[in-house]
Amino acid sequence: MKQKARAAMVKPLPDHLFKIHGNSTEMRWEAMSGMGYHTPNDRFFVRNHTSTPVIDVTTWRLRVHGDGVRSPREFGYDELRAMPSRTYDAAIECAGNGRRFYRTQQHDGTPGTQWGLGAIGVARWRGVPLRDVLAEAGVLPEAVDVLPTGLDAPFEGYGHVRRPLPVEKAMEDVLVAYEMNDAPLPPDHGFPVRLVVPGWVGIASIKWLGDIEVSTTKLFTPWNTVFYPDVTTLPVKSAFELPWNARLPLPGPYVLRGRSWSGRGRIVRVEVSFDGGTSWHEADHHGPHLVRAWLPWHITWSPRHTGPHVLMARATDETGATQPLVTPRHPLGYHFDAVVRHPVDVVSG
């Protein structure tokens with residue numbers, strides 16, 4: 001008689017996030033098991049530089065100005081919502097996602113919040129394309145950079161959080177979003193309005209948006225010089241929908257599930273190793289296959305003995321980029337894209 005595979009998971013903790021530093025909370029990957037394609041709002045990671053502001057939507061305004069537009073103007077919340085809208089399924093990921101593995105896996109740690117792999121989420125975002133907002137102000141042909149600024153409190157001595165986008169990216173696929181998973185943005189995720197910059201590091205997706213400057217010269221802020229220099233496109237990564245150090249009782253088989261993503265393009269292949277990288281097996285894909293988001297996958301595993309095991313998943317995107325076994329150390333701990341060694345313990349059933 002064929003044995004039925006059972007889900008490789010344990011019951012998630014009641015809280016689906018855990019605090020790792022200050023205002024930063026990380027998603028528990030086991031809490032995504034069975035959740036469908038999108039990350040529920042209560043499971044979506046939080047990364048704030050200061051604290052979540054309280055904004056009165058009736059007086060909120062989005063100001064668009066600068067020497068790169070013909071007609072500076074402001075938008076109210078209802079006015080923005082009345083404009084033609086678009087909906088994107090898109091990932092937002094902190095540039096430091098995976099930072100702790102520089103220390104725990106490659107033994108060469110870096111400063112900063114020690115994220116595991118839970119500083120990532122995919123939501124259904126609804127809003128107005130940024131190009132349409134900028135068009136209302138008349139973007140000039142000589143415009144070079146677009147600088148969105150948040151309304152959260154100034155960060156130390158650096159002012160409000162702000163990071164420039166090249167005008168080409170701003171006019172391509174950036175969304176001025178006011179809904180997250182078919183509901184108004186939660187306060188921690190940018191209410192009333194935020195940017196969503198598909199494929200780029202999370203710092204580009206400015207929350208609590210209140211000001212957009214369009215410039216005919218290159219712009220520089222602490223968020224593209226001091227804190228996030230030379231990081232834009234998200235690298236290829238993979239994660240299992242399993243607790244860290246999960247305990248899996250014999251006998252199997254188990255259906256291992258996970259997700260892979262890349263800011264460069266669609267994921268085209270995912271391979272899984274059950275023996276710490278000695279052998280690899282191609283996983284099956286399921287669910288949507290979207291360029292801006294992630295690819296869910298699954299594979300069946302029948303462990304043969306009890307004891308510690310190391311699971312590994314590596315993905316390849318449509319540009320040919322594949323996760324390496326080791327990645328060069330980034331001095332600020334960004335863009336850890338190496339295959340993560342995920343420990344599990346197989347125990348007697």
# chains A, B, ... in the order shown; residues from 1 in each chain; ligands from 1
call {"tool": "residues_around", "arguments": {"residues": "Asp145 (chain A)", "least_positions_apart": "4", "cutoff": "8 Å", "atoms": "only C-alpha atoms", "output": "PDB file with C-alpha atoms, in the first residue's frame"}}
result
ATOM      1  CA  PRO A 164      16.490  58.367  -4.719  1.00  0.00           C
ATOM      2  CA  LEU A 165      15.321  56.300  -7.664  1.00  0.00           C
ATOM      3  CA  PRO A 166      16.550  56.822 -11.223  1.00  0.00           C
ATOM      4  CA  VAL A 167      13.732  58.269 -13.273  1.00  0.00           C
ATOM      5  CA  VAL A 214      11.991  65.186  -9.165  1.00  0.00           C
ATOM      6  CA  SER A 215      15.473  66.452  -9.986  1.00  0.00           C
ATOM      7  CA  THR A 216      17.482  67.164 -13.128  1.00  0.00           C
ATOM      8  CA  THR A 217      20.680  66.186 -11.285  1.00  0.00           C
ATOM      9  CA  LYS A 218      21.766  63.074  -9.372  1.00  0.00           C
ATOM     10  CA  LEU A 219      20.600  63.057  -5.768  1.00  0.00           C
TER      11      LEU A 219
END
call {"tool": "select_by_dssp", "arguments": {"residues": "region 103-267 of chain A", "states": "alpha helix (DSSP H)", "output": "list in words"}}
result
Arg103, Thr104, Leu130, Arg131, Asp132, Val133, Leu134, Ala135, Glu136, Ala137, Val167, Glu168, Lys169, Ala170, Pro222, Trp223, Asn224 and Thr225 of chain A
call {"tool": "write_last_selection", "arguments": {"atoms": "all heavy atoms", "output": "tab-separated table (two decimals), in the first residue's frame"}}
result
chain	number	residue	atom	x	y	z
A	103	ARG	N	27.69	35.26	9.69
A	103	ARG	CA	28.35	34.86	10.93
A	103	ARG	C	28.21	33.37	11.21
A	103	ARG	O	29.20	32.67	11.43
A	103	ARG	CB	27.78	35.67	12.10
A	103	ARG	CG	28.27	35.22	13.48
A	103	ARG	CD	27.69	36.11	14.58
A	103	ARG	NE	26.23	36.20	14.52
A	103	ARG	CZ	25.40	35.32	15.08
A	103	ARG	NH1	25.88	34.26	15.72
A	103	ARG	NH2	24.09	35.48	15.00
A	104	THR	N	26.97	32.85	11.18
A	104	THR	CA	26.73	31.49	11.62
A	104	THR	C	27.14	30.44	10.59
A	104	THR	O	27.46	29.30	10.96
A	104	THR	CB	25.26	31.28	11.97
A	104	THR	OG1	24.45	31.49	10.79
A	104	THR	CG2	24.81	32.26	13.04
A	130	LEU	N	3.46	55.09	-10.20
A	130	LEU	CA	4.17	56.33	-9.94
A	130	LEU	C	4.28	57.18	-11.20
A	130	LEU	O	4.22	58.41	-11.13
A	130	LEU	CB	5.56	56.02	-9.37
A	130	LEU	CG	6.46	57.22	-9.07
A	130	LEU	CD1	5.81	58.21	-8.12
A	130	LEU	CD2	7.81	56.74	-8.51
A	131	ARG	N	4.42	56.54	-12.35
A	131	ARG	CA	4.54	57.33	-13.59
A	131	ARG	C	3.30	58.18	-13.83
A	131	ARG	O	3.39	59.28	-14.38
A	131	ARG	CB	4.81	56.41	-14.78
A	131	ARG	CG	3.74	55.38	-15.07
A	131	ARG	CD	4.04	54.57	-16.33
A	131	ARG	NE	3.10	53.48	-16.51
A	131	ARG	CZ	3.32	52.24	-16.05
A	131	ARG	NH1	4.45	51.94	-15.42
A	131	ARG	NH2	2.41	51.29	-16.24
A	132	ASP	N	2.12	57.68	-13.41
A	132	ASP	CA	0.90	58.45	-13.60
A	132	ASP	C	0.85	59.65	-12.65
A	132	ASP	O	0.37	60.73	-13.02
A	132	ASP	CB	-0.33	57.56	-13.38
A	132	ASP	CG	-0.47	56.48	-14.45
A	132	ASP	OD1	0.26	56.56	-15.46
A	132	ASP	OD2	-1.29	55.58	-14.27
A	133	VAL	N	1.33	59.43	-11.42
A	133	VAL	CA	1.40	60.54	-10.47
A	133	VAL	C	2.36	61.61	-10.98
A	133	VAL	O	2.06	62.82	-10.96
A	133	VAL	CB	1.82	60.03	-9.08
A	133	VAL	CG1	2.07	61.19	-8.12
A	133	VAL	CG2	0.76	59.09	-8.51
A	134	LEU	N	3.53	61.18	-11.44
A	134	LEU	CA	4.52	62.13	-11.95
A	134	LEU	C	4.03	62.84	-13.21
A	134	LEU	O	4.31	64.02	-13.43
A	134	LEU	CB	5.84	61.41	-12.22
A	134	LEU	CG	6.52	60.77	-11.00
A	134	LEU	CD1	7.82	60.10	-11.42
A	134	LEU	CD2	6.78	61.80	-9.91
A	135	ALA	N	3.28	62.12	-14.04
A	135	ALA	CA	2.76	62.72	-15.27
A	135	ALA	C	1.82	63.88	-14.96
A	135	ALA	O	1.76	64.86	-15.72
A	135	ALA	CB	2.04	61.67	-16.11
A	136	GLU	N	1.09	63.78	-13.83
A	136	GLU	CA	0.20	64.87	-13.45
A	136	GLU	C	0.96	66.16	-13.17
A	136	GLU	O	0.42	67.26	-13.29
A	136	GLU	CB	-0.61	64.46	-12.21
A	136	GLU	CG	-1.63	63.37	-12.45
A	136	GLU	CD	-2.83	63.87	-13.23
A	136	GLU	OE1	-3.28	65.01	-12.97
A	136	GLU	OE2	-3.32	63.14	-14.11
A	137	ALA	N	2.24	66.00	-12.76
A	137	ALA	CA	3.08	67.18	-12.49
A	137	ALA	C	3.94	67.55	-13.69
A	137	ALA	O	4.67	68.55	-13.64
A	137	ALA	CB	3.96	66.92	-11.27
A	167	VAL	N	15.03	58.00	-12.68
A	167	VAL	CA	13.73	58.27	-13.27
A	167	VAL	C	13.27	57.11	-14.15
A	167	VAL	O	12.06	56.84	-14.26
A	167	VAL	CB	13.76	59.61	-14.05
A	167	VAL	CG1	14.59	59.50	-15.32
A	167	VAL	CG2	12.34	60.10	-14.34
A	168	GLU	N	14.21	56.37	-14.75
A	168	GLU	CA	13.83	55.23	-15.59
A	168	GLU	C	13.09	54.18	-14.78
A	168	GLU	O	12.09	53.62	-15.24
A	168	GLU	CB	15.06	54.62	-16.25
A	168	GLU	CG	15.77	55.50	-17.26
A	168	GLU	CD	16.70	56.51	-16.60
A	168	GLU	OE1	16.95	56.40	-15.38
A	168	GLU	OE2	17.19	57.41	-17.32
A	169	LYS	N	13.57	53.88	-13.58
A	169	LYS	CA	12.89	52.90	-12.72
A	169	LYS	C	11.56	53.46	-12.23
A	169	LYS	O	10.54	52.75	-12.21
A	169	LYS	CB	13.77	52.53	-11.54
A	169	LYS	CG	13.14	51.54	-10.56
A	169	LYS	CD	12.91	50.17	-11.17
A	169	LYS	CE	12.40	49.19	-10.13
A	169	LYS	NZ	12.09	47.86	-10.72
A	170	ALA	N	11.55	54.73	-11.85
A	170	ALA	CA	10.33	55.35	-11.35
A	170	ALA	C	9.20	55.30	-12.37
A	170	ALA	O	8.03	55.14	-12.02
A	170	ALA	CB	10.61	56.80	-10.95
A	222	PRO	N	21.68	59.96	2.95
A	222	PRO	CA	22.34	58.92	3.76
A	222	PRO	C	21.90	57.50	3.40
A	222	PRO	O	22.64	56.55	3.63
A	222	PRO	CB	21.94	59.29	5.19
A	222	PRO	CG	21.69	60.76	5.15
A	222	PRO	CD	21.07	61.01	3.81
A	223	TRP	N	20.70	57.38	2.80
A	223	TRP	CA	20.18	56.05	2.50
A	223	TRP	C	20.65	55.49	1.15
A	223	TRP	O	20.26	54.40	0.79
A	223	TRP	CB	18.65	56.06	2.61
A	223	TRP	CG	18.25	56.01	4.05
A	223	TRP	CD1	18.02	54.90	4.80
A	223	TRP	CD2	18.07	57.12	4.94
A	223	TRP	NE1	17.71	55.24	6.09
A	223	TRP	CE2	17.74	56.60	6.20
A	223	TRP	CE3	18.18	58.50	4.78
A	223	TRP	CZ2	17.50	57.41	7.31
A	223	TRP	CZ3	17.93	59.32	5.88
A	223	TRP	CH2	17.59	58.77	7.12
A	224	ASN	N	21.47	56.23	0.44
A	224	ASN	CA	22.16	55.62	-0.71
A	224	ASN	C	23.67	55.88	-0.67
A	224	ASN	O	24.36	55.57	-1.64
A	224	ASN	CB	21.56	56.06	-2.05
A	224	ASN	CG	21.82	57.52	-2.39
A	224	ASN	OD1	21.98	58.36	-1.52
A	224	ASN	ND2	21.87	57.82	-3.68
A	225	THR	N	24.15	56.44	0.45
A	225	THR	CA	25.59	56.67	0.59
A	225	THR	C	26.15	56.03	1.86
A	225	THR	O	27.14	55.30	1.81
A	225	THR	CB	25.90	58.18	0.61
A	225	THR	OG1	25.20	58.81	1.69
A	225	THR	CG2	25.52	58.83	-0.71
call {"tool": "closest_residue", "arguments": {"among": "A:Pro53, A:Gly263, A:Gly333, A:Gly34", "to": "Gly190 (chain A)", "atoms": "only C-alpha atoms"}}
result
A:Pro53
call {"tool": "atom_distance", "arguments": {"atom1": "CA of Arg264 (chain A)", "atom2": "CA of Thr322 (chain A)"}}
result
11.2 Å
call {"tool": "closest_residue", "arguments": {"among": "A:Gly121, A:Pro303, A:Pro324, A:Gly116", "to": "Ile92 (chain A)", "atoms": "only C-alpha atoms"}}
result
A:Gly121
call {"tool": "residues_around", "arguments": {"residues": "Tyr88 (chain A)", "least_positions_apart": "6", "cutoff": "10 Å", "atoms": "only C-alpha atoms", "output": "compact mmCIF listing (two decimals) with C-alpha atoms, in the first residue's frame"}}
result
# COMPACT_ATOMS: atom_id res chain seq x y z
CA VAL A 122 4.84 39.02 -0.88
CA ALA A 123 1.58 40.95 -0.83
CA ARG A 124 -1.05 42.06 -3.29
CA TRP A 125 -0.52 45.79 -3.52
CA ARG A 126 -3.06 48.19 -5.04
CA GLY A 127 -2.39 51.79 -5.95
CA ASP A 173 6.91 49.65 -12.59
CA VAL A 174 6.85 51.53 -9.26
CA LEU A 175 3.49 51.71 -7.47
CA ALA A 177 0.27 51.87 -2.99
CA MET A 180 -2.12 45.65 1.02
CA VAL A 196 6.35 49.54 -3.84
CA PRO A 198 9.42 45.68 -7.50
CA LEU A 290 5.55 35.86 -11.15
CA ARG A 292 8.03 40.46 -9.11
CA ALA A 293 7.28 37.92 -6.40
call {"tool": "select_by_dssp", "arguments": {"residues": "region 64-277 of chain A", "states": "strand (DSSP E)", "output": "PyMOL selection string"}}
result
chain A and resi 64-65+73-76+86-93+120-129+145-150+165-166+175-180+183-184+194-196+209-215+237-240+246-249+254-261+267-273
call {"tool": "atom_distance", "arguments": {"atom1": "CA of Glu26 (chain A)", "atom2": "CA of Pro229 (chain A)"}}
result
23.2 Å
call {"tool": "closest_residue", "arguments": {"among": "A:His309, A:Arg28, A:Arg247, A:His189", "to": "Val54 (chain A)", "atoms": "only C-alpha atoms"}}
result
A:His189
call {"tool": "residues_around", "arguments": {"residues": "Thr300 (chain A)", "least_positions_apart": "4", "cutoff": "9 Å", "atoms": "only C-alpha atoms", "output": "short mmCIF file (atom, residue, chain, number, x, y, z; two decimals) with N, CA, C and O atoms, in the first residue's frame"}}
result
data_model
loop_
_atom_site.label_atom_id
_atom_site.label_comp_id
_atom_site.auth_asym_id
_atom_site.auth_seq_id
_atom_site.Cartn_x
_atom_site.Cartn_y
_atom_site.Cartn_z
N ALA A 5 2.28 10.88 2.00
CA ALA A 5 3.24 11.86 2.53
C ALA A 5 2.52 12.79 3.49
O ALA A 5 1.39 13.19 3.28
N PRO A 253 6.98 9.38 4.26
CA PRO A 253 7.71 10.51 3.66
C PRO A 253 7.12 11.86 4.06
O PRO A 253 6.01 11.94 4.57
N TYR A 254 7.89 12.93 3.81
CA TYR A 254 7.46 14.29 4.07
C TYR A 254 7.41 15.08 2.77
O TYR A 254 8.23 14.87 1.88
N VAL A 255 6.47 16.00 2.71
CA VAL A 255 6.44 16.97 1.62
C VAL A 255 7.09 18.25 2.15
O VAL A 255 6.52 18.92 3.03
N LEU A 256 8.28 18.54 1.67
CA LEU A 256 8.97 19.76 2.04
C LEU A 256 8.52 20.87 1.10
O LEU A 256 8.53 20.69 -0.12
N ARG A 257 8.16 22.00 1.67
CA ARG A 257 7.70 23.13 0.87
C ARG A 257 8.58 24.35 1.13
O ARG A 257 9.12 24.52 2.22
N ALA A 283 13.08 20.23 -7.49
CA ALA A 283 11.78 20.36 -6.85
C ALA A 283 10.70 20.64 -7.90
O ALA A 283 10.98 21.14 -9.00
#
call {"tool": "atom_distance", "arguments": {"atom1": "CA of Asp230 (chain A)", "atom2": "CA of Arg162 (chain A)"}}
result
15.2 Å
call {"tool": "closest_residue", "arguments": {"among": "A:Lys207, A:His330, A:Arg266, A:Arg47", "to": "Pro192 (chain A)", "atoms": "only C-alpha atoms"}}
result
A:Lys207
call {"tool": "closest_residue", "arguments": {"among": "A:Asp182, A:Asn97, A:Arg194, A:His160", "to": "Tyr77 (chain A)", "atoms": "only C-alpha atoms"}}
result
A:Arg194
call {"tool": "closest_residue", "arguments": {"among": "A:Gln323, A:Thr110, A:Thr39, A:Thr233", "to": "Cys94 (chain A)", "atoms": "only C-alpha atoms"}}
result
A:Thr233
call {"tool": "residues_around", "arguments": {"residues": "Ser24 (chain A)", "least_positions_apart": "3", "cutoff": "12 Å", "atoms": "only C-alpha atoms", "output": "ChimeraX atom specification"}}
result
/A:17-21,27,44-52,94,96-97,112-115,118-119,188-189
call {"tool": "residues_around", "arguments": {"residues": "Thr59 (chain A)", "least_positions_apart": "6", "cutoff": "12 Å", "atoms": "only C-alpha atoms", "output": "PDB file with C-alpha atoms, in the first residue's frame"}}
result
ATOM      1  CA  GLU A  74      -0.257  68.030  -4.220  1.00  0.00           C
ATOM      2  CA  PHE A  75      -2.568  65.019  -3.982  1.00  0.00           C
ATOM      3  CA  GLY A  76      -5.039  64.186  -1.233  1.00  0.00           C
ATOM      4  CA  TYR A  77      -5.878  60.613  -0.244  1.00  0.00           C
ATOM      5  CA  ASP A  78      -9.300  60.548  -1.915  1.00  0.00           C
ATOM      6  CA  PRO A 192      -1.835  55.879   4.258  1.00  0.00           C
ATOM      7  CA  GLY A 210       4.578  62.426   1.861  1.00  0.00           C
TER       8      GLY A 210
END
